[in-house]
Amino acid sequence: MFGESGSCAEYAEKYLSYLSDVFNRVDYRTIQTVAEIFEKARGEGKQIFFIGNGGSAATSSHFANDLGKGACVRGTAPFKAMSLVDNVSLITALANDDGYENIFIAQLQNILNKGDVVVGISASGNSPNVVKAIEYANTRGAITIGLTGFSGGRLKELARVCVHIETPAGEYGPVEDMHMILDHLITTYLKMKLVKESAR
């Protein structure tokens with residue numbers, strides 16, 4: 001795209017057009033399933049945990065914020081959303097003592113209950129700490145969700161539900177863009193649905 005662009009404006013046009021093409025290949029039914037899982041968790045008072053590395057860690061924090069605060073409606077039960085990437089002291093202690101591949105599973109071992117939801121976000125789908133945590137969550141009766149890119153990797157195989165953004169390997173930007181769009185799409189939908197239901 002860059003080689004075919006004579007300016008940033010032209011590059012923006014091509015980039016955003018490409019994002020549209022990528023999203024049009026997504027199975028929208030999996031997005032609906034994720035929204036339904038979040039709704040059920042809220043209704044049953046279950047926790048929803050988000051995990052990821054790098055840009056996916058930022059998405060984890062953002063998603064937990066948007067679901068836990070942005071999707072809340074006064075007078076209704078909240079979404080109990082938490083990002084497991086945000087406690088730097090805990091993460092560095094776990095990484096230092098137990099290995100970086102254990103930073104998420106170690107946290108889940110302390111707080112995960114049957115029926116809770118674990119959302120693993122990984123462009124490659126092969127981040128060892130995310131894969132390990134999802135494997136553990138599956139054994140504990142949690143509901144696992146994957147947000148992936150590229151070919152999907154192990155996470156696509158392991159997660160009970162996976163929203164897969166199919167792209168060439170290494171194309172992090174578009175994948176992470178799409179994951180953030182999923183965040184805003186799902187959380188705004190859930191809030192508007194709650195607003196409508198609470199107004200009845």
# chains A, B, ... in the order shown; residues from 1 in each chain; ligands from 1
$ closest_atom_pairs --of "stretch 19-107 of chain A" --to "stretch 169-181 of chain A" --cutoff "9 Å" --atoms "only C-alpha atoms" --output "tab-separated table"
residue	atom	partner	partner_atom	distance
A:Leu19	CA	A:Pro174	CA	6.4
A:Val22	CA	A:Pro174	CA	8.1
A:Phe23	CA	A:Met178	CA	7.1
A:Gly55	CA	A:Glu176	CA	6.9
A:Ser56	CA	A:Glu176	CA	6.9
A:Thr59	CA	A:Met180	CA	6.3
A:His62	CA	A:Met180	CA	8.1
A:Phe63	CA	A:Met180	CA	7.8
$ write_last_selection --atoms "N, CA and C atoms" --output "PDB file, in the first residue's frame"
ATOM      1  N   LEU A  19      -8.827  -2.354   5.664  1.00  0.00           N
ATOM      2  CA  LEU A  19      -9.460  -2.761   6.919  1.00  0.00           C
ATOM      3  C   LEU A  19     -10.904  -3.190   6.687  1.00  0.00           C
ATOM      4  N   VAL A  22     -10.884  -6.620   5.270  1.00  0.00           N
ATOM      5  CA  VAL A  22     -10.546  -7.608   6.297  1.00  0.00           C
ATOM      6  C   VAL A  22     -11.756  -7.909   7.173  1.00  0.00           C
ATOM      7  N   PHE A  23     -12.454  -6.865   7.614  1.00  0.00           N
ATOM      8  CA  PHE A  23     -13.590  -7.067   8.506  1.00  0.00           C
ATOM      9  C   PHE A  23     -14.739  -7.779   7.803  1.00  0.00           C
ATOM     10  N   GLY A  55       0.506  -4.837  22.110  1.00  0.00           N
ATOM     11  CA  GLY A  55      -0.698  -4.142  21.687  1.00  0.00           C
ATOM     12  C   GLY A  55      -1.951  -4.841  22.177  1.00  0.00           C
ATOM     13  N   SER A  56      -1.892  -6.158  22.276  1.00  0.00           N
ATOM     14  CA  SER A  56      -3.045  -6.914  22.776  1.00  0.00           C
ATOM     15  C   SER A  56      -3.254  -6.699  24.273  1.00  0.00           C
ATOM     16  N   THR A  59      -5.238  -3.588  24.366  1.00  0.00           N
ATOM     17  CA  THR A  59      -6.623  -3.909  24.038  1.00  0.00           C
ATOM     18  C   THR A  59      -7.320  -4.566  25.218  1.00  0.00           C
ATOM     19  N   HIS A  62      -8.253  -1.826  27.583  1.00  0.00           N
ATOM     20  CA  HIS A  62      -9.307  -1.001  26.995  1.00  0.00           C
ATOM     21  C   HIS A  62     -10.645  -1.734  27.015  1.00  0.00           C
ATOM     22  N   PHE A  63     -10.617  -3.014  26.671  1.00  0.00           N
ATOM     23  CA  PHE A  63     -11.849  -3.814  26.633  1.00  0.00           C
ATOM     24  C   PHE A  63     -12.451  -3.921  28.039  1.00  0.00           C
TER      25      PHE A  63
END
$ residues_around --residues "stretch 50-53 of chain A" --least-positions-apart "4" --cutoff "6 Å" --atoms "only C-alpha atoms" --output "PyMOL selection string"
chain A and resi 57+60+83-84+119-121
$ residues_around --residues "A:Tyr28" --least-positions-apart "2" --cutoff "12 Å" --atoms "only C-alpha atoms" --output "short mmCIF file (atom, residue, chain, number, x, y, z; two decimals) with N, CA and C atoms, in the first residue's frame"
data_model
loop_
_atom_site.label_atom_id
_atom_site.label_comp_id
_atom_site.auth_asym_id
_atom_site.auth_seq_id
_atom_site.Cartn_x
_atom_site.Cartn_y
_atom_site.Cartn_z
N PHE A 23 -12.45 -6.87 7.61
CA PHE A 23 -13.59 -7.07 8.51
C PHE A 23 -14.74 -7.78 7.80
N ASN A 24 -14.88 -7.57 6.52
CA ASN A 24 -15.95 -8.22 5.78
C ASN A 24 -15.76 -9.73 5.69
N ARG A 25 -14.55 -10.20 6.02
CA ARG A 25 -14.30 -11.65 6.00
C ARG A 25 -14.56 -12.29 7.37
N VAL A 26 -14.88 -11.48 8.37
CA VAL A 26 -15.13 -12.00 9.71
C VAL A 26 -16.50 -12.66 9.77
N THR A 30 -19.89 -15.13 15.19
CA THR A 30 -19.03 -15.30 16.36
C THR A 30 -19.04 -14.04 17.22
N ILE A 31 -19.19 -12.88 16.59
CA ILE A 31 -19.30 -11.64 17.36
C ILE A 31 -20.57 -11.67 18.21
N GLN A 32 -21.66 -12.14 17.62
CA GLN A 32 -22.91 -12.27 18.37
C GLN A 32 -22.74 -13.22 19.54
N THR A 33 -22.04 -14.33 19.30
CA THR A 33 -21.84 -15.31 20.37
C THR A 33 -21.06 -14.71 21.53
N VAL A 34 -20.03 -13.92 21.23
CA VAL A 34 -19.25 -13.27 22.29
C VAL A 34 -20.15 -12.34 23.10
N ALA A 35 -20.96 -11.54 22.42
CA ALA A 35 -21.88 -10.64 23.12
C ALA A 35 -22.83 -11.42 24.02
N CYS A 162 -14.02 -18.20 18.92
CA CYS A 162 -12.91 -17.39 18.42
C CYS A 162 -13.38 -16.44 17.33
N VAL A 163 -13.10 -15.15 17.53
CA VAL A 163 -13.31 -14.17 16.47
C VAL A 163 -11.97 -14.02 15.77
N HIS A 164 -11.90 -14.54 14.58
CA HIS A 164 -10.63 -14.61 13.86
C HIS A 164 -10.55 -13.54 12.78
N ILE A 165 -9.47 -12.76 12.83
CA ILE A 165 -9.20 -11.74 11.81
C ILE A 165 -8.12 -12.31 10.89
N LEU A 182 -13.82 -4.43 17.53
CA LEU A 182 -14.68 -5.42 18.19
C LEU A 182 -15.02 -4.98 19.60
N LEU A 185 -17.56 -2.15 19.24
CA LEU A 185 -18.79 -2.68 18.67
C LEU A 185 -19.59 -3.45 19.72
N ILE A 186 -18.93 -4.37 20.40
CA ILE A 186 -19.62 -5.22 21.36
C ILE A 186 -20.08 -4.44 22.59
#
$ select_by_dssp --residues "stretch 1-199 of chain A" --states "strand (DSSP E)" --output "JSON, numbers by chain"
{"A": [47, 48, 49, 50, 51, 52, 80, 81, 82, 83, 117, 118, 119, 120, 121, 122, 143, 144, 145, 146, 147, 148, 161, 162, 163, 164]}
$ closest_atom_pairs --of "stretch 30-114 of chain A" --to "stretch 136-148 of chain A" --cutoff "8 Å" --atoms "only C-alpha atoms" --output "JSON lines"
{"residue": "A:Val34", "atom": "CA", "partner": "A:Ile145", "partner_atom": "CA", "distance": 7.4}
{"residue": "A:Ile105", "atom": "CA", "partner": "A:Tyr136", "partner_atom": "CA", "distance": 6.9}
{"residue": "A:Leu108", "atom": "CA", "partner": "A:Ala137", "partner_atom": "CA", "distance": 7.8}
{"residue": "A:Leu112", "atom": "CA", "partner": "A:Ala137", "partner_atom": "CA", "distance": 7.7}
{"residue": "A:Asn113", "atom": "CA", "partner": "A:Ala142", "partner_atom": "CA", "distance": 7.0}
{"residue": "A:Lys114", "atom": "CA", "partner": "A:Gly141", "partner_atom": "CA", "distance": 4.7}
$ closest_residue --among "A:Val130, A:Ala199, A:Ala64, A:Ala159" --to "A:Met82" --atoms "only C-alpha atoms"
A:Ala64
$ closest_residue --among "A:Ala71, A:Val161, A:Leu155, A:Val118" --to "A:Asp183" --atoms "only C-alpha atoms"
A:Ala71
$ closest_residue --among "A:Tyr189, A:Tyr18, A:Phe104, A:Phe150" --to "A:Asp66" --atoms "only C-alpha atoms"
A:Tyr189
$ residues_around --residues "A:Val195" --least-positions-apart "4" --cutoff "10 Å" --atoms "only C-alpha atoms" --output "PyMOL selection string"
chain A and resi 71-74+76+189-191+199-200
$ select_by_dssp --residues "chain A" --states "alpha helix (DSSP H)" --output "PyMOL selection string"
chain A and resi 8-23+28-44+55-65+88-98+105-111+128-139+153-158+172-198
$ write_last_selection --atoms "C-alpha atoms" --output "mmCIF file, in the first residue's frame"
data_model
loop_
_atom_site.group_PDB
_atom_site.id
_atom_site.type_symbol
_atom_site.label_atom_id
_atom_site.label_comp_id
_atom_site.auth_asym_id
_atom_site.auth_seq_id
_atom_site.Cartn_x
_atom_site.Cartn_y
_atom_site.Cartn_z
ATOM 1 C CA CYS A 8 -0.439 10.115 3.570
ATOM 2 C CA ALA A 9 -3.982 10.827 2.386
ATOM 3 C CA GLU A 10 -3.679 8.200 -0.345
ATOM 4 C CA TYR A 11 -2.141 5.754 2.103
ATOM 5 C CA ALA A 12 -5.006 6.403 4.548
ATOM 6 C CA GLU A 13 -7.558 5.693 1.835
ATOM 7 C CA LYS A 14 -5.901 2.403 0.904
ATOM 8 C CA TYR A 15 -5.322 1.358 4.522
ATOM 9 C CA LEU A 16 -8.904 2.005 5.610
ATOM 10 C CA SER A 17 -10.262 0.307 2.497
ATOM 11 C CA TYR A 18 -8.121 -2.704 3.338
ATOM 12 C CA LEU A 19 -9.460 -2.761 6.919
ATOM 13 C CA SER A 20 -12.974 -2.817 5.527
ATOM 14 C CA ASP A 21 -12.099 -5.794 3.333
ATOM 15 C CA VAL A 22 -10.546 -7.608 6.297
ATOM 16 C CA PHE A 23 -13.590 -7.067 8.506
ATOM 17 C CA TYR A 28 -20.346 -11.981 12.358
ATOM 18 C CA ARG A 29 -22.083 -14.862 14.135
ATOM 19 C CA THR A 30 -19.027 -15.302 16.357
ATOM 20 C CA ILE A 31 -19.299 -11.639 17.365
ATOM 21 C CA GLN A 32 -22.911 -12.265 18.370
ATOM 22 C CA THR A 33 -21.838 -15.313 20.368
ATOM 23 C CA VAL A 34 -19.252 -13.269 22.290
ATOM 24 C CA ALA A 35 -21.877 -10.638 23.123
ATOM 25 C CA GLU A 36 -24.236 -13.368 24.329
ATOM 26 C CA ILE A 37 -21.520 -14.895 26.521
ATOM 27 C CA PHE A 38 -20.829 -11.507 28.113
ATOM 28 C CA GLU A 39 -24.561 -10.953 28.699
ATOM 29 C CA LYS A 40 -24.936 -14.361 30.336
ATOM 30 C CA ALA A 41 -21.885 -13.734 32.539
ATOM 31 C CA ARG A 42 -23.349 -10.413 33.675
ATOM 32 C CA GLY A 43 -26.697 -12.021 34.476
ATOM 33 C CA GLU A 44 -25.042 -14.779 36.503
ATOM 34 C CA GLY A 55 -0.698 -4.142 21.687
ATOM 35 C CA SER A 56 -3.045 -6.914 22.776
ATOM 36 C CA ALA A 57 -2.331 -6.003 26.400
ATOM 37 C CA ALA A 58 -3.490 -2.474 25.628
ATOM 38 C CA THR A 59 -6.623 -3.909 24.038
ATOM 39 C CA SER A 60 -7.179 -6.053 27.150
ATOM 40 C CA SER A 61 -7.100 -2.972 29.355
ATOM 41 C CA HIS A 62 -9.307 -1.001 26.995
ATOM 42 C CA PHE A 63 -11.849 -3.814 26.633
ATOM 43 C CA ALA A 64 -12.101 -4.310 30.410
ATOM 44 C CA ASN A 65 -12.580 -0.569 30.858
ATOM 45 C CA VAL A 88 2.857 -4.264 36.849
ATOM 46 C CA SER A 89 4.234 -5.231 40.256
ATOM 47 C CA LEU A 90 2.429 -8.558 40.237
ATOM 48 C CA ILE A 91 3.262 -9.332 36.612
ATOM 49 C CA THR A 92 6.977 -8.595 37.037
ATOM 50 C CA ALA A 93 7.103 -10.624 40.257
ATOM 51 C CA LEU A 94 5.472 -13.597 38.560
ATOM 52 C CA ALA A 95 7.675 -13.262 35.472
ATOM 53 C CA ASN A 96 10.824 -12.983 37.588
ATOM 54 C CA ASP A 97 10.026 -15.889 39.903
ATOM 55 C CA ASP A 98 7.920 -18.243 37.798
ATOM 56 C CA ILE A 105 -2.199 -18.695 34.579
ATOM 57 C CA ALA A 106 -0.806 -17.843 38.025
ATOM 58 C CA GLN A 107 -3.361 -15.051 38.421
ATOM 59 C CA LEU A 108 -6.216 -17.223 37.201
ATOM 60 C CA GLN A 109 -5.291 -19.976 39.650
ATOM 61 C CA ASN A 110 -6.122 -17.546 42.467
ATOM 62 C CA ILE A 111 -9.360 -16.021 41.181
ATOM 63 C CA PRO A 128 2.745 -18.984 25.295
ATOM 64 C CA ASN A 129 1.326 -17.206 28.340
ATOM 65 C CA VAL A 130 -2.062 -16.694 26.661
ATOM 66 C CA VAL A 131 -2.222 -20.270 25.343
ATOM 67 C CA LYS A 132 -1.264 -21.683 28.738
ATOM 68 C CA ALA A 133 -3.916 -19.600 30.512
ATOM 69 C CA ILE A 134 -6.638 -20.615 28.048
ATOM 70 C CA GLU A 135 -5.700 -24.277 28.417
ATOM 71 C CA TYR A 136 -5.990 -23.917 32.193
ATOM 72 C CA ALA A 137 -9.297 -22.053 31.979
ATOM 73 C CA ASN A 138 -10.743 -24.846 29.842
ATOM 74 C CA THR A 139 -9.876 -27.396 32.525
ATOM 75 C CA GLY A 153 -2.509 -20.298 15.861
ATOM 76 C CA ARG A 154 -3.139 -22.449 18.925
ATOM 77 C CA LEU A 155 -5.575 -19.985 20.443
ATOM 78 C CA LYS A 156 -8.016 -20.448 17.590
ATOM 79 C CA GLU A 157 -7.982 -24.184 18.249
ATOM 80 C CA LEU A 158 -8.270 -23.948 22.032
ATOM 81 C CA TYR A 172 -0.132 -6.730 13.493
ATOM 82 C CA GLY A 173 -1.579 -3.283 12.802
ATOM 83 C CA PRO A 174 -4.760 -4.316 10.980
ATOM 84 C CA VAL A 175 -5.376 -7.197 13.398
ATOM 85 C CA GLU A 176 -5.049 -4.952 16.448
ATOM 86 C CA ASP A 177 -7.221 -2.317 14.760
ATOM 87 C CA MET A 178 -9.937 -4.909 14.244
ATOM 88 C CA HIS A 179 -9.726 -6.142 17.828
ATOM 89 C CA MET A 180 -10.287 -2.602 19.084
ATOM 90 C CA ILE A 181 -13.252 -2.202 16.736
ATOM 91 C CA LEU A 182 -14.675 -5.422 18.190
ATOM 92 C CA ASP A 183 -14.283 -3.917 21.661
ATOM 93 C CA HIS A 184 -16.254 -0.793 20.767
ATOM 94 C CA LEU A 185 -18.792 -2.679 18.667
ATOM 95 C CA ILE A 186 -19.622 -5.224 21.365
ATOM 96 C CA THR A 187 -19.571 -2.905 24.379
ATOM 97 C CA THR A 188 -21.686 -0.188 22.775
ATOM 98 C CA TYR A 189 -24.198 -2.790 21.592
ATOM 99 C CA LEU A 190 -24.454 -4.277 25.081
ATOM 100 C CA LYS A 191 -24.916 -0.871 26.668
ATOM 101 C CA MET A 192 -27.617 0.175 24.218
ATOM 102 C CA LYS A 193 -29.397 -3.132 24.750
ATOM 103 C CA LEU A 194 -29.318 -2.623 28.520
ATOM 104 C CA VAL A 195 -30.595 0.934 28.146
ATOM 105 C CA LYS A 196 -33.496 -0.315 26.029
ATOM 106 C CA GLU A 197 -34.337 -3.146 28.415
ATOM 107 C CA SER A 198 -34.132 -0.970 31.537
#
